[in-house]
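Here is start-v2.cif, consisting of mmCIF, C-alpha atoms, pLDDT in the B column; chains and numbers go by the auth columns:
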data_protein
#
loop_
_atom_site.group_PDB
_atom_site.id
_atom_site.type_symbol
_atom_site.label_atom_id
_atom_site.label_comp_id
_atom_site.label_asym_id
_atom_site.label_seq_id
_atom_site.Cartn_x
_atom_site.Cartn_y
_atom_site.Cartn_z
_atom_site.B_iso_or_equiv
_atom_site.auth_seq_id
_atom_site.auth_asym_id
ATOM 1 C CA MET A 1 0.000 0.000 0.000 40.00 655 A
ATOM 2 C CA ALA A 2 1.199 3.513 -0.762 42.00 656 A
ATOM 3 C CA SER A 3 2.174 5.645 2.153 44.00 657 A
ATOM 4 C CA THR A 4 -0.155 8.539 2.973 46.00 658 A
ATOM 5 C CA GLY A 5 2.663 10.593 4.488 47.00 659 A
ATOM 6 C CA THR A 6 0.805 11.001 7.781 49.00 660 A
ATOM 7 C CA GLY A 7 2.727 8.505 9.921 49.00 661 A
ATOM 8 C CA PRO A 8 5.321 8.939 12.644 47.00 662 A
ATOM 9 C CA SER A 9 8.086 9.961 10.225 45.00 663 A
ATOM 10 C CA LYS A 10 5.926 12.803 8.909 47.00 664 A
ATOM 11 C CA ASP A 11 5.149 13.990 12.437 46.00 665 A
ATOM 12 C CA ALA A 12 8.837 13.784 13.360 43.00 666 A
ATOM 13 C CA GLY A 13 9.715 15.854 10.296 46.00 667 A
ATOM 14 C CA ARG A 14 7.213 18.511 11.300 51.00 668 A
ATOM 15 C CA GLN A 15 8.567 18.601 14.849 50.00 669 A
ATOM 16 C CA SER A 16 12.116 18.921 13.530 52.00 670 A
ATOM 17 C CA GLY A 17 11.040 21.703 11.194 67.00 671 A
ATOM 18 C CA GLY A 18 9.292 23.467 14.056 84.00 672 A
ATOM 19 C CA GLY A 19 12.435 23.224 16.157 91.00 673 A
ATOM 20 C CA THR A 20 14.565 24.744 13.399 94.00 674 A
ATOM 21 C CA ARG A 21 11.997 27.512 12.957 95.00 675 A
ATOM 22 C CA ARG A 22 12.099 28.350 16.663 95.00 676 A
ATOM 23 C CA VAL A 23 15.906 28.305 16.734 97.00 677 A
ATOM 24 C CA THR A 24 16.045 30.571 13.693 97.00 678 A
ATOM 25 C CA GLY A 25 13.507 33.013 15.089 97.00 679 A
ATOM 26 C CA GLY A 26 15.185 33.021 18.483 97.00 680 A
ATOM 27 C CA LEU A 27 18.611 33.704 17.010 98.00 681 A
ATOM 28 C CA PHE A 28 17.293 36.651 14.986 98.00 682 A
ATOM 29 C CA ILE A 29 15.869 38.141 18.180 98.00 683 A
ATOM 30 C CA ILE A 30 18.941 37.347 20.300 98.00 684 A
ATOM 31 C CA SER A 31 21.293 38.898 17.751 98.00 685 A
ATOM 32 C CA ALA A 32 19.161 42.035 17.351 98.00 686 A
ATOM 33 C CA LEU A 33 18.760 42.598 21.098 98.00 687 A
ATOM 34 C CA THR A 34 22.292 41.736 22.223 98.00 688 A
ATOM 35 C CA PHE A 35 23.847 43.792 19.442 98.00 689 A
ATOM 36 C CA ALA A 36 21.637 46.734 20.374 97.00 690 A
ATOM 37 C CA GLY A 37 22.783 46.383 23.982 97.00 691 A
ATOM 38 C CA ALA A 38 26.473 46.198 23.075 97.00 692 A
ATOM 39 C CA ALA A 39 26.149 49.112 20.653 96.00 693 A
ATOM 40 C CA THR A 40 24.433 51.196 23.327 97.00 694 A
ATOM 41 C CA VAL A 41 27.337 50.613 25.716 97.00 695 A
ATOM 42 C CA LEU A 42 29.786 51.459 22.931 97.00 696 A
ATOM 43 C CA SER A 43 27.911 54.662 22.189 96.00 697 A
ATOM 44 C CA ALA A 44 27.922 55.698 25.838 97.00 698 A
ATOM 45 C CA THR A 45 31.599 54.906 26.459 97.00 699 A
ATOM 46 C CA PHE A 46 33.199 55.760 23.119 97.00 700 A
ATOM 47 C CA ASP A 47 30.784 58.122 21.328 96.00 701 A
ATOM 48 C CA TRP A 48 30.203 55.519 18.602 96.00 702 A
ATOM 49 C CA PRO A 49 29.380 55.899 15.734 94.00 703 A
ATOM 50 C CA ASP A 50 30.131 59.646 15.613 94.00 704 A
ATOM 51 C CA ILE A 51 33.767 59.095 16.575 96.00 705 A
ATOM 52 C CA LEU A 52 34.299 57.067 13.379 95.00 706 A
ATOM 53 C CA ARG A 53 34.508 60.319 11.419 95.00 707 A
ATOM 54 C CA GLU A 54 37.062 61.926 13.733 97.00 708 A
ATOM 55 C CA PRO A 55 40.826 62.050 12.963 97.00 709 A
ATOM 56 C CA ALA A 56 43.417 59.798 14.559 97.00 710 A
ATOM 57 C CA ALA A 57 44.399 62.571 16.980 97.00 711 A
ATOM 58 C CA VAL A 58 40.937 62.262 18.542 98.00 712 A
ATOM 59 C CA VAL A 59 40.156 58.576 18.094 98.00 713 A
ATOM 60 C CA LEU A 60 43.389 56.900 19.185 98.00 714 A
ATOM 61 C CA PRO A 61 43.906 58.719 22.525 98.00 715 A
ATOM 62 C CA ALA A 62 40.224 58.136 23.353 98.00 716 A
ATOM 63 C CA PHE A 63 40.594 54.455 22.493 98.00 717 A
ATOM 64 C CA ALA A 64 43.733 54.091 24.603 98.00 718 A
ATOM 65 C CA ALA A 65 41.963 55.771 27.527 97.00 719 A
ATOM 66 C CA GLY A 66 39.175 53.205 27.273 97.00 720 A
ATOM 67 C CA GLY A 67 41.531 50.397 28.226 97.00 721 A
ATOM 68 C CA PRO A 68 40.732 46.663 28.036 97.00 722 A
ATOM 69 C CA GLY A 69 37.060 47.299 28.831 97.00 723 A
ATOM 70 C CA LEU A 70 36.616 49.158 25.556 98.00 724 A
ATOM 71 C CA VAL A 71 38.355 46.387 23.606 98.00 725 A
ATOM 72 C CA TRP A 72 35.993 43.799 25.117 98.00 726 A
ATOM 73 C CA THR A 73 33.027 46.020 24.297 98.00 727 A
ATOM 74 C CA TRP A 74 34.098 45.996 20.657 98.00 728 A
ATOM 75 C CA PHE A 75 34.545 42.222 20.860 98.00 729 A
ATOM 76 C CA ALA A 76 31.006 41.827 22.193 98.00 730 A
ATOM 77 C CA THR A 77 29.618 44.186 19.552 98.00 731 A
ATOM 78 C CA ALA A 78 31.285 42.174 16.801 98.00 732 A
ATOM 79 C CA TRP A 79 30.128 38.729 17.858 98.00 733 A
ATOM 80 C CA THR A 80 26.605 39.666 18.865 98.00 734 A
ATOM 81 C CA TYR A 81 26.261 40.879 15.290 98.00 735 A
ATOM 82 C CA GLY A 82 28.063 37.771 14.028 98.00 736 A
ATOM 83 C CA ILE A 83 25.297 35.559 15.454 98.00 737 A
ATOM 84 C CA LEU A 84 23.124 36.873 12.637 98.00 738 A
ATOM 85 C CA ALA A 85 24.883 34.698 10.046 98.00 739 A
ATOM 86 C CA VAL A 86 23.359 31.520 11.496 98.00 740 A
ATOM 87 C CA PRO A 87 19.641 32.409 11.176 98.00 741 A
ATOM 88 C CA ILE A 88 20.272 34.005 7.778 98.00 742 A
ATOM 89 C CA LEU A 89 21.655 30.675 6.530 98.00 743 A
ATOM 90 C CA LEU A 90 18.829 28.671 8.142 97.00 744 A
ATOM 91 C CA LEU A 91 15.985 30.846 6.879 97.00 745 A
ATOM 92 C CA PRO A 92 15.475 29.364 3.369 97.00 746 A
ATOM 93 C CA SER A 93 15.025 25.914 4.880 95.00 747 A
ATOM 94 C CA VAL A 94 12.630 27.234 7.519 95.00 748 A
ATOM 95 C CA LEU A 95 10.540 28.904 4.822 95.00 749 A
ATOM 96 C CA GLY A 96 10.551 25.751 2.710 94.00 750 A
ATOM 97 C CA ARG A 97 12.288 27.594 -0.134 94.00 751 A
ATOM 98 C CA ARG A 98 15.777 26.062 -0.259 93.00 752 A
ATOM 99 C CA GLU A 99 15.518 25.668 -4.050 93.00 753 A
ATOM 100 C CA ASP A 100 14.447 29.264 -4.661 95.00 754 A
ATOM 101 C CA PRO A 101 17.402 30.741 -6.618 96.00 755 A
ATOM 102 C CA VAL A 102 16.499 34.317 -5.704 96.00 756 A
ATOM 103 C CA LEU A 103 16.353 33.610 -1.985 96.00 757 A
ATOM 104 C CA ARG A 104 19.508 31.493 -2.242 95.00 758 A
ATOM 105 C CA ALA A 105 21.402 34.401 -3.787 96.00 759 A
ATOM 106 C CA ALA A 106 20.029 36.766 -1.139 97.00 760 A
ATOM 107 C CA THR A 107 21.192 34.354 1.570 98.00 761 A
ATOM 108 C CA TYR A 108 24.741 34.462 0.189 97.00 762 A
ATOM 109 C CA PHE A 109 24.546 38.266 0.220 97.00 763 A
ATOM 110 C CA GLY A 110 23.362 38.289 3.822 98.00 764 A
ATOM 111 C CA ALA A 111 25.943 35.834 5.127 98.00 765 A
ATOM 112 C CA THR A 112 28.771 37.623 3.293 98.00 766 A
ATOM 113 C CA SER A 113 27.622 40.953 4.720 98.00 767 A
ATOM 114 C CA VAL A 114 27.961 39.588 8.252 98.00 768 A
ATOM 115 C CA VAL A 115 31.542 38.451 7.561 98.00 769 A
ATOM 116 C CA LEU A 116 32.478 41.858 6.145 98.00 770 A
ATOM 117 C CA SER A 117 30.902 43.651 9.092 98.00 771 A
ATOM 118 C CA LEU A 118 32.808 41.365 11.463 98.00 772 A
ATOM 119 C CA ILE A 119 36.048 42.465 9.802 97.00 773 A
ATOM 120 C CA GLY A 120 35.042 46.067 10.381 97.00 774 A
ATOM 121 C CA PHE A 121 34.198 45.501 14.037 98.00 775 A
ATOM 122 C CA LEU A 122 37.096 43.210 14.912 98.00 776 A
ATOM 123 C CA ARG A 123 39.642 45.745 13.639 98.00 777 A
ATOM 124 C CA TRP A 124 39.034 47.452 16.967 98.00 778 A
ATOM 125 C CA VAL A 125 40.115 44.302 18.793 98.00 779 A
ATOM 126 C CA PHE A 126 43.137 43.204 16.757 98.00 780 A
ATOM 127 C CA VAL A 127 44.377 46.220 14.759 98.00 781 A
ATOM 128 C CA VAL A 128 43.520 49.437 16.576 98.00 782 A
ATOM 129 C CA PRO A 129 44.973 48.675 20.070 98.00 783 A
ATOM 130 C CA PRO A 130 48.651 48.593 18.966 98.00 784 A
ATOM 131 C CA LEU A 131 48.089 51.675 16.824 98.00 785 A
ATOM 132 C CA ALA A 132 46.578 53.540 19.761 98.00 786 A
ATOM 133 C CA GLU A 133 49.420 52.460 22.073 98.00 787 A
ATOM 134 C CA SER A 134 52.066 53.580 19.576 98.00 788 A
ATOM 135 C CA TYR A 135 50.307 56.886 18.959 98.00 789 A
ATOM 136 C CA VAL A 136 49.968 57.776 22.635 97.00 790 A
ATOM 137 C CA ALA A 137 53.527 56.722 23.570 97.00 791 A
ATOM 138 C CA GLY A 138 55.296 57.915 20.403 97.00 792 A
ATOM 139 C CA ASP A 139 57.028 61.108 19.377 97.00 793 A
ATOM 140 C CA ALA A 140 55.895 63.426 16.590 97.00 794 A
ATOM 141 C CA ALA A 141 57.401 61.284 13.824 98.00 795 A
ATOM 142 C CA THR A 142 55.802 58.138 15.228 97.00 796 A
ATOM 143 C CA ARG A 143 52.437 59.848 15.482 98.00 797 A
ATOM 144 C CA THR A 144 52.656 60.961 11.879 98.00 798 A
ATOM 145 C CA ALA A 145 53.366 57.410 10.748 98.00 799 A
ATOM 146 C CA VAL A 146 50.618 55.942 12.934 98.00 800 A
ATOM 147 C CA ASP A 147 48.173 58.549 11.643 98.00 801 A
ATOM 148 C CA ALA A 148 48.805 57.340 8.086 98.00 802 A
ATOM 149 C CA ALA A 149 48.457 53.680 9.110 98.00 803 A
ATOM 150 C CA TRP A 150 45.254 54.464 10.986 97.00 804 A
ATOM 151 C CA THR A 151 43.700 56.213 7.986 97.00 805 A
ATOM 152 C CA ALA A 152 44.597 53.359 5.623 97.00 806 A
ATOM 153 C CA GLN A 153 43.161 50.573 7.778 98.00 807 A
ATOM 154 C CA HIS A 154 40.145 52.659 8.806 98.00 808 A
ATOM 155 C CA GLN A 155 39.152 53.454 5.225 97.00 809 A
ATOM 156 C CA PHE A 156 39.787 49.914 3.973 98.00 810 A
ATOM 157 C CA GLY A 157 38.561 47.724 6.820 97.00 811 A
ATOM 158 C CA GLY A 158 35.962 50.141 8.136 97.00 812 A
ATOM 159 C CA ALA A 159 34.513 52.408 5.463 97.00 813 A
ATOM 160 C CA LEU A 160 34.977 50.051 2.483 98.00 814 A
ATOM 161 C CA LEU A 161 34.472 46.533 3.864 98.00 815 A
ATOM 162 C CA GLY A 162 32.450 46.942 7.046 97.00 816 A
ATOM 163 C CA GLU A 163 30.275 49.927 6.199 97.00 817 A
ATOM 164 C CA HIS A 164 29.979 50.219 2.416 98.00 818 A
ATOM 165 C CA LEU A 165 30.002 46.583 1.276 98.00 819 A
ATOM 166 C CA GLY A 166 28.687 45.134 4.539 98.00 820 A
ATOM 167 C CA GLN A 167 25.700 47.444 4.627 98.00 821 A
ATOM 168 C CA LEU A 168 24.945 47.240 0.902 98.00 822 A
ATOM 169 C CA LEU A 169 24.879 43.437 0.992 98.00 823 A
ATOM 170 C CA VAL A 170 22.651 43.262 4.069 98.00 824 A
ATOM 171 C CA ILE A 171 20.317 45.800 2.466 98.00 825 A
ATOM 172 C CA GLY A 172 20.259 43.568 -0.617 98.00 826 A
ATOM 173 C CA TRP A 173 19.342 40.589 1.584 98.00 827 A
ATOM 174 C CA THR A 174 16.615 42.579 3.337 98.00 828 A
ATOM 175 C CA VAL A 175 15.034 43.929 0.164 98.00 829 A
ATOM 176 C CA THR A 176 15.181 40.600 -1.691 98.00 830 A
ATOM 177 C CA LEU A 177 13.735 38.662 1.246 98.00 831 A
ATOM 178 C CA SER A 178 10.997 41.271 1.561 98.00 832 A
ATOM 179 C CA ALA A 179 10.160 40.955 -2.147 97.00 833 A
ATOM 180 C CA VAL A 180 9.981 37.150 -1.777 97.00 834 A
ATOM 181 C CA ILE A 181 7.645 37.555 1.203 97.00 835 A
ATOM 182 C CA LEU A 182 5.357 39.915 -0.726 97.00 836 A
ATOM 183 C CA HIS A 183 5.310 37.655 -3.792 96.00 837 A
ATOM 184 C CA SER A 184 4.889 34.289 -2.065 94.00 838 A
ATOM 185 C CA ARG A 185 3.130 35.333 1.171 94.00 839 A
ATOM 186 C CA VAL A 186 5.346 32.840 2.963 95.00 840 A
ATOM 187 C CA LEU A 187 5.312 35.328 5.865 96.00 841 A
ATOM 188 C CA PRO A 188 2.921 38.223 6.612 96.00 842 A
ATOM 189 C CA ARG A 189 2.879 40.844 3.877 97.00 843 A
ATOM 190 C CA TRP A 190 3.339 43.679 6.362 98.00 844 A
ATOM 191 C CA LEU A 191 6.765 42.241 7.194 98.00 845 A
ATOM 192 C CA GLY A 192 7.750 42.364 3.519 98.00 846 A
ATOM 193 C CA ALA A 193 6.482 45.936 3.112 98.00 847 A
ATOM 194 C CA ALA A 194 8.300 47.033 6.265 98.00 848 A
ATOM 195 C CA GLY A 195 11.488 45.421 4.995 98.00 849 A
ATOM 196 C CA LEU A 196 11.387 47.418 1.763 98.00 850 A
ATOM 197 C CA VAL A 197 10.949 50.684 3.680 98.00 851 A
ATOM 198 C CA THR A 198 13.689 49.729 6.120 97.00 852 A
ATOM 199 C CA GLY A 199 16.081 48.880 3.311 97.00 853 A
ATOM 200 C CA ALA A 200 15.456 52.238 1.636 97.00 854 A
ATOM 201 C CA LEU A 201 16.080 54.132 4.877 97.00 855 A
ATOM 202 C CA TYR A 202 19.259 52.198 5.605 97.00 856 A
ATOM 203 C CA LEU A 203 20.538 52.845 2.078 98.00 857 A
ATOM 204 C CA LEU A 204 20.542 56.587 2.782 97.00 858 A
ATOM 205 C CA ASN A 205 23.411 56.040 5.222 96.00 859 A
ATOM 206 C CA GLN A 206 25.680 55.356 2.252 97.00 860 A
ATOM 207 C CA GLY A 207 25.935 59.117 1.779 97.00 861 A
ATOM 208 C CA ASP A 208 27.886 59.469 5.024 96.00 862 A
ATOM 209 C CA ILE A 209 30.205 56.613 4.022 97.00 863 A
ATOM 210 C CA LEU A 210 30.849 57.904 0.503 97.00 864 A
ATOM 211 C CA ALA A 211 31.573 61.370 1.894 97.00 865 A
ATOM 212 C CA THR A 212 34.714 59.935 3.518 96.00 866 A
ATOM 213 C CA ALA A 213 36.120 59.398 0.018 95.00 867 A
ATOM 214 C CA VAL A 214 34.208 62.008 -2.002 96.00 868 A
ATOM 215 C CA PRO A 215 34.244 65.341 -0.143 93.00 869 A
ATOM 216 C CA GLY A 216 30.972 67.213 -0.519 94.00 870 A
ATOM 217 C CA PHE A 217 28.865 64.107 -1.168 96.00 871 A
ATOM 218 C CA PRO A 218 25.339 64.754 0.204 96.00 872 A
ATOM 219 C CA VAL A 219 24.898 63.476 3.758 95.00 873 A
ATOM 220 C CA TRP A 220 21.777 63.081 5.889 94.00 874 A
ATOM 221 C CA ASP A 221 23.091 63.057 9.435 91.00 875 A
ATOM 222 C CA LEU A 222 20.217 60.997 10.861 93.00 876 A
ATOM 223 C CA ALA A 223 20.339 58.314 8.166 94.00 877 A
ATOM 224 C CA GLY A 224 22.687 56.054 10.101 93.00 878 A
ATOM 225 C CA LEU A 225 20.738 56.206 13.363 94.00 879 A
ATOM 226 C CA ILE A 226 17.298 55.840 11.783 96.00 880 A
ATOM 227 C CA GLY A 227 18.383 53.271 9.199 96.00 881 A
ATOM 228 C CA SER A 228 20.271 50.970 11.563 95.00 882 A
ATOM 229 C CA SER A 229 17.658 51.264 14.323 96.00 883 A
ATOM 230 C CA THR A 230 14.693 50.473 12.084 98.00 884 A
ATOM 231 C CA TRP A 231 16.617 47.611 10.469 98.00 885 A
ATOM 232 C CA GLY A 232 17.386 46.140 13.899 97.00 886 A
ATOM 233 C CA LEU A 233 13.703 46.355 14.819 98.00 887 A
ATOM 234 C CA TRP A 234 12.778 44.670 11.544 98.00 888 A
ATOM 235 C CA VAL A 235 15.199 41.807 12.221 98.00 889 A
ATOM 236 C CA ALA A 236 13.685 41.364 15.690 98.00 890 A
ATOM 237 C CA ALA A 237 10.190 41.414 14.164 98.00 891 A
ATOM 238 C CA LEU A 238 11.246 38.757 11.649 98.00 892 A
ATOM 239 C CA GLY A 239 12.428 36.592 14.526 98.00 893 A
ATOM 240 C CA ALA A 240 9.216 37.128 16.473 98.00 894 A
ATOM 241 C CA VAL A 241 7.070 36.195 13.473 97.00 895 A
ATOM 242 C CA LEU A 242 9.039 32.975 13.002 97.00 896 A
ATOM 243 C CA LEU A 243 8.652 32.109 16.681 94.00 897 A
ATOM 244 C CA LEU A 244 4.908 32.734 16.730 92.00 898 A
ATOM 245 C CA ARG A 245 4.015 31.291 13.340 81.00 899 A
ATOM 246 C CA ARG A 246 3.281 27.560 13.428 65.00 900 A
ATOM 247 C CA THR A 247 3.727 26.872 9.714 50.00 901 A
ATOM 248 C CA THR A 248 4.512 28.732 6.542 47.00 902 A
ATOM 249 C CA PRO A 249 2.487 28.259 3.326 47.00 903 A
ATOM 250 C CA SER A 250 5.328 26.917 1.219 46.00 904 A
ATOM 251 C CA ALA A 251 6.504 24.567 3.968 44.00 905 A
ATOM 252 C CA VAL A 252 3.230 22.604 4.040 40.00 906 A
ATOM 253 C CA THR A 253 3.302 19.440 1.980 37.00 907 A
ATOM 254 C CA PRO A 254 -0.017 18.558 0.290 35.00 908 A
ATOM 255 C CA GLN A 255 -1.531 15.290 1.515 34.00 909 A
#
Reformat the file's structure so that it appears as structure tokens.
Amino acid sequence: MASTGTGPSKDAGRQSGGGTRRVTGGLFIISALTFAGAATVLSATFDWPDILREPAAVVLPAFAAGGPGLVWTWFATAWTYGILAVPILLLPSVLGRREDPVLRAATYFGATSVVLSLIGFLRWVFVVPPLAESYVAGDAATRTAVDAAWTAQHQFGGALLGEHLGQLLVIGWTVTLSAVILHSRVLPRWLGAAGLVTGALYLLNQGDILATAVPGFPVWDLAGLIGSSTWGLWVAALGAVLLLRRTTPSAVTPQ
């Protein structure tokens, strides 16, 4: 007799899928909330992100004054954001769309963006401390050399990799996922619409990044704060929807 697909193995598969869905949703929420907490501490203790646009003469003495506590704050900021790679990679399976080429490409964008952002954050753990120590303890010639080294690594690892490419790729993931949601209704349509708006707001922060290389490029000062904050809320909302939603339309197998 042909199997009806309603036996124990089917139930076990559903339970396994539900477990993966809950893990994915929980990790989205954990990453969003813990990163927000670490970033808040960083903002209060190091004037981040405004200090990113200050010269070495301001940044490096302030970093050295922060001591090991500031280094560990950067470490926490990096890896709370790094958690995000795991649910991004799990999401296509949770939505039952592992074979969707559009969502697959978006997943690669999202995971790559996390790696690039990690490089940007972890510079402050592995690259900046010796530069700050040399700058504070050095003479005028040493400070001049360190200033040049600081600018090079800051523009490459920070502005280019972490901010420009990292943000563009995560915006690409957000917008593509939102378009898939709106088209397939695999998740609530409001989540897809909110993702498109969030992506557009976050994209405006590219003006501030490009202005570091192209003087006079138009900048909206609030773009970074509004864009990153609304994107973090959207990620948390995505996690909450996954936690609360029992099944998704495309994940249900017809009987």
Fill in the blank from the handout: For Leu687 of chain A, the closest of A:Tyr789, A:Trp728, A:Phe717, A:Tyr735 counting only C-alpha atoms is A:Tyr735
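Reported to one decimal place, the separation of atom CA of Leu738 of chain A from atom CA of Ala765 of chain A is 8.1 Å.
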Practice task
Give me the result of the PyMOL selection byres ((chain A and resi 693) around 12) on this file, residue by residue, as number ranges by chain.
Solution key: A: 685-692, 694-703, 724, 727-735, 775, 879, 882-883, 886
Output C-alpha atoms for every residue in the selection just made, as a PDB file, in the coordinates of the input.
ATOM      1  CA  SER A 685      21.293  38.898  17.751  1.00 98.00           C
ATOM      2  CA  ALA A 686      19.161  42.035  17.351  1.00 98.00           C
ATOM      3  CA  LEU A 687      18.760  42.598  21.098  1.00 98.00           C
ATOM      4  CA  THR A 688      22.292  41.736  22.223  1.00 98.00           C
ATOM      5  CA  PHE A 689      23.847  43.792  19.442  1.00 98.00           C
ATOM      6  CA  ALA A 690      21.637  46.734  20.374  1.00 97.00           C
ATOM      7  CA  GLY A 691      22.783  46.383  23.982  1.00 97.00           C
ATOM      8  CA  ALA A 692      26.473  46.198  23.075  1.00 97.00           C
ATOM      9  CA  THR A 694      24.433  51.196  23.327  1.00 97.00           C
ATOM     10  CA  VAL A 695      27.337  50.613  25.716  1.00 97.00           C
ATOM     11  CA  LEU A 696      29.786  51.459  22.931  1.00 97.00           C
ATOM     12  CA  SER A 697      27.911  54.662  22.189  1.00 96.00           C
ATOM     13  CA  ALA A 698      27.922  55.698  25.838  1.00 97.00           C
ATOM     14  CA  THR A 699      31.599  54.906  26.459  1.00 97.00           C
ATOM     15  CA  PHE A 700      33.199  55.760  23.119  1.00 97.00           C
ATOM     16  CA  ASP A 701      30.784  58.122  21.328  1.00 96.00           C
ATOM     17  CA  TRP A 702      30.203  55.519  18.602  1.00 96.00           C
ATOM     18  CA  PRO A 703      29.380  55.899  15.734  1.00 94.00           C
ATOM     19  CA  LEU A 724      36.616  49.158  25.556  1.00 98.00           C
ATOM     20  CA  THR A 727      33.027  46.020  24.297  1.00 98.00           C
ATOM     21  CA  TRP A 728      34.098  45.996  20.657  1.00 98.00           C
ATOM     22  CA  PHE A 729      34.545  42.222  20.860  1.00 98.00           C
ATOM     23  CA  ALA A 730      31.006  41.827  22.193  1.00 98.00           C
ATOM     24  CA  THR A 731      29.618  44.186  19.552  1.00 98.00           C
ATOM     25  CA  ALA A 732      31.285  42.174  16.801  1.00 98.00           C
ATOM     26  CA  TRP A 733      30.128  38.729  17.858  1.00 98.00           C
ATOM     27  CA  THR A 734      26.605  39.666  18.865  1.00 98.00           C
ATOM     28  CA  TYR A 735      26.261  40.879  15.290  1.00 98.00           C
ATOM     29  CA  PHE A 775      34.198  45.501  14.037  1.00 98.00           C
ATOM     30  CA  LEU A 879      20.738  56.206  13.363  1.00 94.00           C
ATOM     31  CA  SER A 882      20.271  50.970  11.563  1.00 95.00           C
ATOM     32  CA  SER A 883      17.658  51.264  14.323  1.00 96.00           C
ATOM     33  CA  GLY A 886      17.386  46.140  13.899  1.00 97.00           C
TER      34      GLY A 886
END
Exercise: Ala813 of chain A partners within 10 Å, only C-alpha atoms, chain neighbours under 3 positions left out, as a compact mmCIF listing (two decimals) with C-alpha atoms, in the coordinates of the input:
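And here is the file that came out, selection_19.txt:
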# COMPACT_ATOMS: atom_id res chain seq x y z
CA LEU A 706 34.30 57.07 13.38
CA ARG A 707 34.51 60.32 11.42
CA GLY A 774 35.04 46.07 10.38
CA GLN A 807 43.16 50.57 7.78
CA HIS A 808 40.15 52.66 8.81
CA GLN A 809 39.15 53.45 5.22
CA PHE A 810 39.79 49.91 3.97
CA GLY A 816 32.45 46.94 7.05
CA GLU A 817 30.28 49.93 6.20
CA HIS A 818 29.98 50.22 2.42
CA LEU A 819 30.00 46.58 1.28
CA GLY A 820 28.69 45.13 4.54
CA GLN A 860 25.68 55.36 2.25
CA ASP A 862 27.89 59.47 5.02
CA ILE A 863 30.20 56.61 4.02
CA LEU A 864 30.85 57.90 0.50
CA THR A 866 34.71 59.94 3.52
CA ALA A 867 36.12 59.40 0.02
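A straight line drawn from atom CA of Thr761 of chain A to atom CA of Pro746 of chain A is 7.8 Å long.
With all atoms listed in the file taken into account, every residue lying no more than 10 Å from the file point (9.3, 32.6, 22.7) is included here: A:Arg676, A:Val677, A:Gly679, A:Gly680, A:Ile683, A:Gly893, A:Ala894, A:Leu896, A:Leu897, A:Leu898.
This file, filtered with the PyMOL selection byres ((chain A and resi 790-797) around 10), gives the residues Ala710, Ala711, Leu714, Pro715, Ala716, Phe717, Ala718, Ala719, Pro784, Leu785, Ala786, Glu787, Ser788, Tyr789, Thr798, Ala799, Val800, Asp801, Ala802 and Ala803 of chain A.
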Handout entry: Separation of atom CA of Val769 of chain A from atom CA of Gly736 of chain A, in Å and rounded to one decimal
Key =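 These two atoms are separated by 7.4 Å.
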Exercise for the section: Would you please work out which residue, of A:Trp874, A:Gln821, A:Val781, A:Leu850, is nearest to Ala806 of chain A when using all atoms listed in the file? Expected result: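 Among A:Trp874, A:Gln821, A:Val781, A:Leu850, it is A:Val781 that comes nearest to Ala806 of chain A.
Distance annotation: of A:Trp778, A:Gly811, A:Val756, A:Ser771, the residue with the minimal separation from Gly720 of chain A is A:Trp778; atom set is only C-alpha atoms.
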Practice task
With the file shown as input, list the residues that the PyMOL selection byres ((chain A and resi 881) around 12) selects, as a PyMOL selection string.
Solution key: chain A and resi 821+825+849-860+874-880+882-888
Save out the residues we just selected, C-alpha atoms, as an mmCIF file, in the coordinates of the input.
data_model
loop_
_atom_site.group_PDB
_atom_site.id
_atom_site.type_symbol
_atom_site.label_atom_id
_atom_site.label_comp_id
_atom_site.auth_asym_id
_atom_site.auth_seq_id
_atom_site.Cartn_x
_atom_site.Cartn_y
_atom_site.Cartn_z
ATOM 1 C CA GLN A 821 25.700 47.444 4.627
ATOM 2 C CA ILE A 825 20.317 45.800 2.466
ATOM 3 C CA GLY A 849 11.488 45.421 4.995
ATOM 4 C CA LEU A 850 11.387 47.418 1.763
ATOM 5 C CA VAL A 851 10.949 50.684 3.680
ATOM 6 C CA THR A 852 13.689 49.729 6.120
ATOM 7 C CA GLY A 853 16.081 48.880 3.311
ATOM 8 C CA ALA A 854 15.456 52.238 1.636
ATOM 9 C CA LEU A 855 16.080 54.132 4.877
ATOM 10 C CA TYR A 856 19.259 52.198 5.605
ATOM 11 C CA LEU A 857 20.538 52.845 2.078
ATOM 12 C CA LEU A 858 20.542 56.587 2.782
ATOM 13 C CA ASN A 859 23.411 56.040 5.222
ATOM 14 C CA GLN A 860 25.680 55.356 2.252
ATOM 15 C CA TRP A 874 21.777 63.081 5.889
ATOM 16 C CA ASP A 875 23.091 63.057 9.435
ATOM 17 C CA LEU A 876 20.217 60.997 10.861
ATOM 18 C CA ALA A 877 20.339 58.314 8.166
ATOM 19 C CA GLY A 878 22.687 56.054 10.101
ATOM 20 C CA LEU A 879 20.738 56.206 13.363
ATOM 21 C CA ILE A 880 17.298 55.840 11.783
ATOM 22 C CA SER A 882 20.271 50.970 11.563
ATOM 23 C CA SER A 883 17.658 51.264 14.323
ATOM 24 C CA THR A 884 14.693 50.473 12.084
ATOM 25 C CA TRP A 885 16.617 47.611 10.469
ATOM 26 C CA GLY A 886 17.386 46.140 13.899
ATOM 27 C CA LEU A 887 13.703 46.355 14.819
ATOM 28 C CA TRP A 888 12.778 44.670 11.544
#
Handout entry: Top pick for closest residue to Val895 of chain A, considering A:Arg751, A:Trp726, A:Thr805, A:Pro842 and counting all atoms listed in the file
Key =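 Closest candidate: A:Pro842.
Each of A:Gly672, A:Ile742, A:Trp804, A:Leu836 was checked against Val782 of chain A using all atoms listed in the file; the smallest atom-to-atom distance is that of A:Trp804.
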